[in-house]
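Structure file work-v8.tsv with TSV, C-alpha atoms:
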chain	number	residue	atom	x	y	z
J	1	MET	CA	-7.61	-14.49	-3.26
J	2	ARG	CA	-10.71	-14.86	-5.30
J	3	GLY	CA	-12.47	-13.29	-8.23
J	4	GLY	CA	-10.28	-14.28	-11.13
J	5	ARG	CA	-7.02	-15.55	-12.53
J	6	VAL	CA	-3.80	-14.81	-10.73
J	7	LYS	CA	-0.17	-15.22	-11.80
J	8	ASP	CA	1.53	-18.08	-9.96
J	9	GLY	CA	-1.14	-17.90	-7.26
J	10	LYS	CA	-0.58	-14.19	-6.58
J	11	VAL	CA	-2.21	-10.96	-7.62
J	12	TRP	CA	-0.32	-9.21	-10.41
J	13	VAL	CA	0.04	-5.91	-12.24
J	14	GLY	CA	-3.30	-4.76	-13.63
J	15	ASP	CA	-5.48	-6.68	-11.17
J	16	ARG	CA	-8.07	-4.68	-9.27
J	17	VAL	CA	-7.90	-5.60	-5.62
J	18	ARG	CA	-9.28	-4.84	-2.19
J	19	ASP	CA	-6.56	-4.31	0.38
J	20	GLU	CA	-7.93	-6.10	3.44
J	21	ASP	CA	-5.52	-4.21	5.73
J	22	THR	CA	-6.75	-0.74	4.69
J	23	GLY	CA	-10.23	-1.55	3.35
J	24	ARG	CA	-9.41	0.37	0.15
J	25	TYR	CA	-9.78	-0.65	-3.49
J	26	ALA	CA	-6.87	-0.30	-5.89
J	27	VAL	CA	-5.11	-1.44	-9.05
J	28	VAL	CA	-1.79	-3.22	-8.68
J	29	SER	CA	0.54	-0.89	-10.61
J	30	ASP	CA	3.89	-2.62	-9.93
J	31	VAL	CA	5.46	-5.52	-8.06
J	32	ARG	CA	9.00	-4.91	-6.84
J	33	GLU	CA	11.35	-7.81	-6.16
J	34	GLY	CA	8.33	-10.11	-6.20
J	35	LYS	CA	7.26	-9.06	-2.71
J	36	THR	CA	6.33	-5.37	-2.54
J	37	TYR	CA	3.04	-4.55	-4.25
J	38	ILE	CA	2.52	-0.96	-5.37
J	39	LEU	CA	-1.19	-0.13	-5.22
J	40	ARG	CA	-2.88	2.86	-6.89
J	41	ALA	CA	-6.27	4.01	-5.66
J	42	LEU	CA	-9.13	3.63	-8.16
J	43	THR	CA	-9.93	7.30	-7.65
J	44	GLY	CA	-7.59	10.08	-6.64
J	45	GLY	CA	-4.38	8.45	-7.86
J	46	ARG	CA	-2.93	7.98	-4.38
J	47	GLU	CA	-0.40	5.13	-4.03
J	48	TRP	CA	0.61	2.88	-1.15
J	49	THR	CA	2.43	-0.42	-0.74
J	50	SER	CA	1.60	-3.85	0.58
J	51	GLU	CA	3.95	-6.67	1.43
J	52	SER	CA	1.09	-9.05	2.22
J	53	PRO	CA	-0.31	-10.44	-1.05
J	54	GLU	CA	-2.49	-12.82	0.96
J	55	ARG	CA	-4.34	-9.70	2.21
J	56	LEU	CA	-5.10	-8.51	-1.36
J	57	THR	CA	-8.38	-9.84	-2.73
J	58	VAL	CA	-8.85	-9.75	-6.51
J	59	THR	CA	-12.11	-7.96	-7.39
J	60	ALA	CA	-11.47	-7.86	-11.16
J	61	PRO	CA	-8.59	-9.66	-12.87
J	62	ARG	CA	-6.40	-7.85	-15.37
J	63	ARG	CA	-7.36	-8.05	-18.99
J	64	GLU	CA	-5.14	-10.28	-21.09
Rewrite the structure from the file as structure tokens, please.
Amino acid sequence: MRGGRVKDGKVWVGDRVRDEDTGRYAVVSDVREGKTYILRALTGGREWTSESPERLTVTAPRRE
């Protein structure tokens, strides 16, 4: 992960990320049980999940 601060070494809610598995850009909208990341597309509002935080690259960290 690169591009900004992360919580405990992981991407977190509000971070903009690139999902390396799909090639899509998203905002992390939720993290369930600390392992399932709910991603919302930057445009179109479509959601999908990722269970591989190491494959999510921060492009813009959340605002504090």
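Residue nearest J:Glu33 within the list J:Glu51, J:Gly45, J:Asp21, J:Arg16: J:Glu51 [criterion: smallest interatomic distance, all atoms listed in the file].
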Quiz item: With all atoms listed in the file as the atoms that count, which of J:Gly23, J:Glu64, J:Tyr37, J:Asp15 lies nearest to J:Thr49?
Solution: J:Tyr37
Quiz item: Could you pull the residues within 12 Å of J:Asp30, counting all atoms listed in the file, minus those fewer than 4 positions along the same chain, as a ChimeraX atom specification?
Solution: /J:11-15,26,34-40,47-50
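As for atom CA of J:Asp19 and atom CA of J:Val58, they are spaced 9.1 Å apart.
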Quiz prompt | J:Arg24, J:Arg18, J:Lys10, J:Arg32 ranked by distance to J:Thr59, top pick (using only C-alpha atoms) | solution = J:Arg18
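The interatomic distance for the pair atom CA of J:Ala60 and atom CA of J:Val17 works out to 7.0 Å.
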Self-check item: Coordinates-based distance that separates atom CA of J:Pro53 from atom CA of J:Ala41 (Å, one decimal)
Solution: 16.3 Å
